Amino acid sequence: MRLTILGGGGFRVPLVYRALLDDPAHAVSEVVLHDTDTRRVAVIAEVLARLARGHPAPVPVRVENRLDDALAGAGFVFSAIRVGGTAGRIRDERIPLSEGVLGQETVGAGGVLYGLRTVPVALHIAERIAALAPAAWVINFTNPAGTVTEAMSQVLGDRVIGICDSPVGLVRRAARAAGVDPAAFDVTGRVGYDYVGLNHLGWLRSLTLDGTELLPGLLADDAALGSFEEGRLFGADWLRTLGALPNEYLHYYYFRRETLGSVRDTAQTRGEFLDRQQGGFFERAGSAGGPEGAYELWERTRLEREETYMAHSREASGGWQRDSHDLEGGGYDRVALALMHAILGDSGTRLILNVRNGTTVPQLAPDAIVETVCEVTAQGARPLPCAPLPEDQLGLMLQVKAVERATVEAAVYKDRDAALRALALHPLVDSPAVAARILERAAREA
């Protein structure tokens, strides 16, 4: 089975390839890389060559510079593109900050700006997939993942599935804090969970081991909550008040004043850090001495990236360094591989994915993309029923979903009013006048 990776020059592509090499099922027989930046994809191909060296069953890799050539014959398409590159992300963050509101690539005004720029490209890709590889399954990791998956589903229907590593990382860290042996995750049915929301806006509301509920005991245990990332990020008192464990990105919503204070006067936004770090990697990799040197440089850069993830939110919640357990998560590479295995094996595996809502959250439209627990078979991912949402969770979901749908509408129809509505209605943008200024400046600097 051929896997095509769009955004094949992306920094994290080697993680996907390493997971494929370690896959005992050998689900993928060939990897095709496509990227609009030929220099970057050439560097990543060198890193993959070093990973494959000496492996008993290396997966062949080739680079295709034309999108149509990359898509033809694909069984799975993994989309992880970044429209506008890190320079675009810098603008998405700095323009809102200049107006005193948060800008992040998936959250707040920054997420809306990124979505407006990305949706037209994602729709073009979806149309080419529908024409050239209509039987392919599309795994979307392109951010903002909920918005982009929703746009692509207008063309591909249920054959596009969004993934994120944050939810499964939360589940695994919470389970470990509650005393669950990590090996229990490898035994079907032992660990259960109820997770629902939108991408980067969800809540873990139940966690069970062999049918026994663990979440109330975890929430009551200060030491256990203090042993993992989300517990430290939100604090025991607030988590007990919520009665749930939020996705880490909800820190932007619940602690917006503190996070804004940490970010507003920063000398370097996350986008600026990644622009410097990854730009430096690709510059140095060309003279690093072939695949071996490129790989070693990539590993050092990757570790620094992971250690600094969400640094501003950690600073706003008291300041602490990520430990080895925080760095453990689902890994988007492992989520993608698990999804492919579940479809190919018709296994009924349960995964947290971004899919069409159906009737899971009755207050949302059936075609709205939600992030929730799904059962995956050869027919795709089916969202499972979940317990009713309390008003606070539902209200936030409804408002942010309105923002996502307005973003898609604005991008598809070049509708300024829809773009202004998307920005002004976001919970982290406190004024329509601010939204209008952000939109005007983004248009000027595009």
# chains A, B, ... in the order shown; residues from 1 in each chain; ligands from 1
$ select_by_dssp --residues "range 197-436 of chain A" --states "strand (DSSP E or B)" --output "PyMOL selection string"
chain A and resi 197-198+201-209+212-213+245-246+349-356+369-377+380-383
$ residues_around --residues "Val83 in chain A" --least-positions-apart "6" --cutoff "9 Å" --atoms "only C-alpha atoms" --output "PyMOL selection string"
chain A and resi 114+117-118+121
$ closest_residue --among "A:Gly111, A:Arg334, A:Gly10, A:Asp210" --to "Val187 in chain A" --atoms "only C-alpha atoms"
A:Asp210
$ atom_distance --atom1 "CA of Ala236 in chain A" --atom2 "CA of Leu215 in chain A"
12.8 Å
$ atom_distance --atom1 "CA of Val32 in chain A" --atom2 "CA of Val63 in chain A"
5.7 Å
$ residues_around --residues "Thr149 in chain A" --least-positions-apart "3" --cutoff "10 Å" --atoms "only C-alpha atoms" --output "list in words"
Val119, Ala122, Leu123, Val138, Ile139, Asn140, Phe141, Thr142, Asn143, Pro144, Ala145, Gly146, Met152, Ser153, Gln154, Leu156, Gly157, Asp158, Val160, Ile161, Gly162, Ile163, Asn199, Asn354, Val355, Arg356, Ala368, Ile369 and Val370 of chain A
$ write_last_selection --atoms "C-alpha atoms" --output "CSV table (one decimal), in the first residue's frame"
chain,number,residue,atom,x,y,z
A,119,VAL,CA,-8.6,26.2,3.4
A,122,ALA,CA,-6.7,22.1,1.2
A,123,LEU,CA,-9.8,22.2,-1.0
A,138,VAL,CA,-7.0,11.0,3.7
A,139,ILE,CA,-5.4,11.5,7.1
A,140,ASN,CA,-5.3,15.2,7.9
A,141,PHE,CA,-2.8,16.7,10.3
A,142,THR,CA,-2.8,20.2,8.7
A,143,ASN,CA,-3.6,22.9,11.2
A,144,PRO,CA,-6.0,24.2,12.2
A,145,ALA,CA,-7.0,20.6,11.9
A,146,GLY,CA,-10.7,20.9,12.7
A,152,MET,CA,-11.9,18.9,3.0
A,153,SER,CA,-14.9,16.8,4.0
A,154,GLN,CA,-17.1,19.0,1.7
A,156,LEU,CA,-14.2,13.9,0.3
A,157,GLY,CA,-17.0,13.2,2.8
A,158,ASP,CA,-16.1,10.6,5.4
A,160,VAL,CA,-11.0,12.4,5.2
A,161,ILE,CA,-10.2,11.9,8.9
A,162,GLY,CA,-8.4,14.4,11.1
A,163,ILE,CA,-5.9,13.3,13.7
A,199,ASN,CA,-9.8,19.9,17.8
A,354,ASN,CA,-11.8,14.3,14.0
A,355,VAL,CA,-14.8,13.2,12.1
A,356,ARG,CA,-18.3,14.2,11.0
A,368,ALA,CA,-19.8,19.4,11.6
A,369,ILE,CA,-16.3,18.0,12.4
A,370,VAL,CA,-15.9,17.0,16.1
$ residues_around --residues "Arg240 in chain A" --least-positions-apart "3" --cutoff "12 Å" --atoms "only C-alpha atoms" --output "PyMOL selection string"
chain A and resi 205+215-222+225+231+234-237+243-246
$ write_last_selection --atoms "N, CA, C and O atoms" --output "mmCIF file, in the first residue's frame"
data_model
loop_
_atom_site.group_PDB
_atom_site.id
_atom_site.type_symbol
_atom_site.label_atom_id
_atom_site.label_comp_id
_atom_site.auth_asym_id
_atom_site.auth_seq_id
_atom_site.Cartn_x
_atom_site.Cartn_y
_atom_site.Cartn_z
ATOM 1 N N ARG A 205 -13.595 13.085 30.135
ATOM 2 C CA ARG A 205 -14.658 13.145 31.149
ATOM 3 C C ARG A 205 -14.885 11.822 31.864
ATOM 4 O O ARG A 205 -15.634 11.743 32.822
ATOM 5 N N LEU A 215 -11.420 8.475 37.171
ATOM 6 C CA LEU A 215 -11.243 9.921 37.114
ATOM 7 C C LEU A 215 -11.546 10.624 38.443
ATOM 8 O O LEU A 215 -10.766 11.500 38.854
ATOM 9 N N PRO A 216 -12.630 10.298 39.158
ATOM 10 C CA PRO A 216 -12.868 10.997 40.433
ATOM 11 C C PRO A 216 -11.718 10.832 41.425
ATOM 12 O O PRO A 216 -11.337 11.798 42.111
ATOM 13 N N GLY A 217 -11.157 9.645 41.503
ATOM 14 C CA GLY A 217 -10.033 9.434 42.406
ATOM 15 C C GLY A 217 -8.812 10.232 41.986
ATOM 16 O O GLY A 217 -8.094 10.776 42.833
ATOM 17 N N LEU A 218 -8.568 10.319 40.680
ATOM 18 C CA LEU A 218 -7.443 11.106 40.195
ATOM 19 C C LEU A 218 -7.645 12.580 40.514
ATOM 20 O O LEU A 218 -6.714 13.261 40.981
ATOM 21 N N LEU A 219 -8.852 13.095 40.295
ATOM 22 C CA LEU A 219 -9.122 14.507 40.559
ATOM 23 C C LEU A 219 -9.004 14.848 42.043
ATOM 24 O O LEU A 219 -8.722 15.998 42.399
ATOM 25 N N ALA A 220 -9.203 13.879 42.899
ATOM 26 C CA ALA A 220 -9.125 14.125 44.347
ATOM 27 C C ALA A 220 -7.698 14.041 44.884
ATOM 28 O O ALA A 220 -7.454 14.393 46.045
ATOM 29 N N ASP A 221 -6.763 13.619 44.068
ATOM 30 C CA ASP A 221 -5.397 13.342 44.524
ATOM 31 C C ASP A 221 -4.453 14.442 44.037
ATOM 32 O O ASP A 221 -4.036 14.447 42.873
ATOM 33 N N ASP A 222 -4.078 15.368 44.916
ATOM 34 C CA ASP A 222 -3.207 16.479 44.535
ATOM 35 C C ASP A 222 -1.865 15.987 43.996
ATOM 36 O O ASP A 222 -1.340 16.525 43.002
ATOM 37 N N LEU A 225 -2.265 14.572 40.471
ATOM 38 C CA LEU A 225 -2.489 15.644 39.492
ATOM 39 C C LEU A 225 -1.203 16.417 39.220
ATOM 40 O O LEU A 225 -0.961 16.867 38.095
ATOM 41 N N GLY A 231 -2.236 18.319 34.700
ATOM 42 C CA GLY A 231 -2.506 18.589 36.108
ATOM 43 C C GLY A 231 -1.779 19.827 36.596
ATOM 44 O O GLY A 231 -2.330 20.649 37.325
ATOM 45 N N PHE A 234 -3.258 23.254 34.653
ATOM 46 C CA PHE A 234 -4.540 23.829 35.061
ATOM 47 C C PHE A 234 -4.688 23.973 36.572
ATOM 48 O O PHE A 234 -5.479 24.797 37.038
ATOM 49 N N GLY A 235 -3.980 23.171 37.334
ATOM 50 C CA GLY A 235 -4.077 23.235 38.785
ATOM 51 C C GLY A 235 -5.203 22.376 39.333
ATOM 52 O O GLY A 235 -6.277 22.245 38.727
ATOM 53 N N ALA A 236 -4.961 21.778 40.497
ATOM 54 C CA ALA A 236 -5.906 20.825 41.076
ATOM 55 C C ALA A 236 -7.261 21.455 41.368
ATOM 56 O O ALA A 236 -8.312 20.847 41.115
ATOM 57 N N ASP A 237 -7.276 22.666 41.919
ATOM 58 C CA ASP A 237 -8.552 23.287 42.280
ATOM 59 C C ASP A 237 -9.451 23.471 41.069
ATOM 60 O O ASP A 237 -10.658 23.177 41.117
ATOM 61 N N GLY A 243 -14.465 19.070 37.024
ATOM 62 C CA GLY A 243 -14.860 17.668 37.051
ATOM 63 C C GLY A 243 -14.424 16.904 35.814
ATOM 64 O O GLY A 243 -14.982 15.853 35.486
ATOM 65 N N ALA A 244 -13.416 17.425 35.114
ATOM 66 C CA ALA A 244 -12.918 16.814 33.883
ATOM 67 C C ALA A 244 -11.482 17.260 33.672
ATOM 68 O O ALA A 244 -11.014 18.204 34.327
ATOM 69 N N LEU A 245 -10.802 16.595 32.753
ATOM 70 C CA LEU A 245 -9.442 16.982 32.392
ATOM 71 C C LEU A 245 -9.481 17.614 31.001
ATOM 72 O O LEU A 245 -9.783 16.939 30.022
ATOM 73 N N PRO A 246 -9.183 18.909 30.886
ATOM 74 C CA PRO A 246 -9.237 19.567 29.583
ATOM 75 C C PRO A 246 -8.005 19.275 28.745
ATOM 76 O O PRO A 246 -6.910 19.036 29.258
#
$ atom_distance --atom1 "CA of Glu292 in chain A" --atom2 "CA of Ala49 in chain A"
8.8 Å
$ residues_around --residues "Asn357 in chain A" --least-positions-apart "6" --cutoff "10 Å" --atoms "only C-alpha atoms" --output "PyMOL selection string"
chain A and resi 363-372+382-384
$ closest_residue --among "A:Ala57, A:Leu423, A:Val196, A:Ala126" --to "Asp23 in chain A" --atoms "only C-alpha atoms"
A:Ala57
$ residues_around --residues "Leu207 in chain A" --least-positions-apart "6" --cutoff "7 Å" --atoms "only C-alpha atoms" --output "VMD selection string"
chain A and resid 192 to 194 213 to 215
$ decode --residues "range 57-99 of chain A" --atoms "N, CA and C atoms" --output "tab-separated table (two decimals), in the first residue's frame"
chain	number	residue	atom	x	y	z
A	57	ALA	N	13.96	-4.30	6.78
A	57	ALA	CA	12.87	-4.17	5.81
A	57	ALA	C	12.60	-2.68	5.55
A	58	PRO	N	13.54	-1.99	4.90
A	58	PRO	CA	13.34	-0.56	4.66
A	58	PRO	C	12.15	-0.30	3.72
A	59	VAL	N	11.44	0.76	3.98
A	59	VAL	CA	10.31	1.14	3.13
A	59	VAL	C	10.84	2.09	2.06
A	60	PRO	N	10.69	1.75	0.78
A	60	PRO	CA	11.19	2.63	-0.28
A	60	PRO	C	10.56	4.02	-0.22
A	61	VAL	N	11.37	5.02	-0.53
A	61	VAL	CA	10.92	6.41	-0.52
A	61	VAL	C	11.26	7.05	-1.86
A	62	ARG	N	10.32	7.80	-2.41
A	62	ARG	CA	10.63	8.61	-3.58
A	62	ARG	C	9.97	9.97	-3.45
A	63	VAL	N	10.53	10.94	-4.12
A	63	VAL	CA	10.03	12.31	-4.10
A	63	VAL	C	9.35	12.61	-5.43
A	64	GLU	N	8.16	13.16	-5.37
A	64	GLU	CA	7.45	13.62	-6.57
A	64	GLU	C	7.19	15.11	-6.44
A	65	ASN	N	7.64	15.87	-7.43
A	65	ASN	CA	7.48	17.32	-7.37
A	65	ASN	C	6.12	17.80	-7.83
A	66	ARG	N	5.41	17.00	-8.62
A	66	ARG	CA	4.07	17.36	-9.08
A	66	ARG	C	3.03	16.72	-8.17
A	67	LEU	N	2.06	17.51	-7.73
A	67	LEU	CA	1.02	17.00	-6.84
A	67	LEU	C	0.29	15.82	-7.46
A	68	ASP	N	-0.11	15.93	-8.72
A	68	ASP	CA	-0.88	14.86	-9.34
A	68	ASP	C	-0.09	13.56	-9.40
A	69	ASP	N	1.20	13.66	-9.68
A	69	ASP	CA	2.04	12.45	-9.72
A	69	ASP	C	2.15	11.82	-8.34
A	70	ALA	N	2.19	12.65	-7.31
A	70	ALA	CA	2.30	12.14	-5.94
A	70	ALA	C	1.02	11.43	-5.51
A	71	LEU	N	-0.13	11.90	-6.00
A	71	LEU	CA	-1.41	11.35	-5.56
A	71	LEU	C	-1.81	10.09	-6.31
A	72	ALA	N	-1.43	9.98	-7.55
A	72	ALA	CA	-1.87	8.85	-8.37
A	72	ALA	C	-1.44	7.53	-7.74
A	73	GLY	N	-2.41	6.64	-7.53
A	73	GLY	CA	-2.13	5.32	-6.99
A	73	GLY	C	-2.00	5.24	-5.49
A	74	ALA	N	-2.21	6.34	-4.77
A	74	ALA	CA	-2.08	6.32	-3.31
A	74	ALA	C	-3.22	5.57	-2.65
A	75	GLY	N	-2.88	4.78	-1.63
A	75	GLY	CA	-3.91	4.14	-0.81
A	75	GLY	C	-4.31	5.00	0.37
A	76	PHE	N	-3.30	5.70	0.93
A	76	PHE	CA	-3.51	6.68	1.99
A	76	PHE	C	-2.77	7.95	1.62
A	77	VAL	N	-3.36	9.08	1.96
A	77	VAL	CA	-2.72	10.38	1.79
A	77	VAL	C	-2.65	11.04	3.15
A	78	PHE	N	-1.44	11.37	3.56
A	78	PHE	CA	-1.23	12.05	4.84
A	78	PHE	C	-0.93	13.51	4.53
A	79	SER	N	-1.79	14.41	4.97
A	79	SER	CA	-1.65	15.83	4.66
A	79	SER	C	-1.16	16.59	5.89
A	80	ALA	N	0.03	17.16	5.78
A	80	ALA	CA	0.61	17.94	6.88
A	80	ALA	C	1.34	19.13	6.27
A	81	ILE	N	0.58	19.97	5.57
A	81	ILE	CA	1.17	21.10	4.87
A	81	ILE	C	1.15	22.34	5.77
A	82	ARG	N	1.97	23.32	5.44
A	82	ARG	CA	1.97	24.61	6.16
A	82	ARG	C	1.97	25.72	5.11
A	83	VAL	N	0.78	26.20	4.81
A	83	VAL	CA	0.63	27.25	3.79
A	83	VAL	C	1.18	28.56	4.35
A	84	GLY	N	2.14	29.13	3.63
A	84	GLY	CA	2.78	30.36	4.09
A	84	GLY	C	4.02	30.13	4.92
A	85	GLY	N	4.31	28.85	5.26
A	85	GLY	CA	5.50	28.54	6.02
A	85	GLY	C	5.51	29.16	7.41
A	86	THR	N	6.67	29.13	8.05
A	86	THR	CA	6.76	29.71	9.40
A	86	THR	C	6.66	31.23	9.36
A	87	ALA	N	6.98	31.85	8.21
A	87	ALA	CA	6.81	33.30	8.10
A	87	ALA	C	5.34	33.67	8.24
A	88	GLY	N	4.47	32.85	7.65
A	88	GLY	CA	3.04	33.09	7.81
A	88	GLY	C	2.60	32.92	9.25
A	89	ARG	N	3.15	31.91	9.93
A	89	ARG	CA	2.78	31.72	11.34
A	89	ARG	C	3.21	32.91	12.18
A	90	ILE	N	4.36	33.48	11.89
A	90	ILE	CA	4.82	34.65	12.65
A	90	ILE	C	3.82	35.78	12.51
A	91	ARG	N	3.34	36.04	11.29
A	91	ARG	CA	2.34	37.09	11.10
A	91	ARG	C	1.05	36.76	11.84
A	92	ASP	N	0.64	35.49	11.79
A	92	ASP	CA	-0.59	35.07	12.47
A	92	ASP	C	-0.52	35.33	13.97
A	93	GLU	N	0.67	35.25	14.54
A	93	GLU	CA	0.84	35.47	15.97
A	93	GLU	C	1.03	36.95	16.30
A	94	ARG	N	1.85	37.62	15.51
A	94	ARG	CA	2.23	39.00	15.85
A	94	ARG	C	1.11	40.01	15.59
A	95	ILE	N	0.33	39.82	14.53
A	95	ILE	CA	-0.74	40.78	14.23
A	95	ILE	C	-1.77	40.81	15.36
A	96	PRO	N	-2.32	39.68	15.82
A	96	PRO	CA	-3.24	39.74	16.95
A	96	PRO	C	-2.59	40.30	18.22
A	97	LEU	N	-1.33	39.92	18.49
A	97	LEU	CA	-0.67	40.42	19.69
A	97	LEU	C	-0.55	41.94	19.67
A	98	SER	N	-0.38	42.52	18.49
A	98	SER	CA	-0.29	43.98	18.40
A	98	SER	C	-1.61	44.64	18.78
A	99	GLU	N	-2.70	43.87	18.75
A	99	GLU	CA	-4.01	44.37	19.14
A	99	GLU	C	-4.41	43.90	20.54
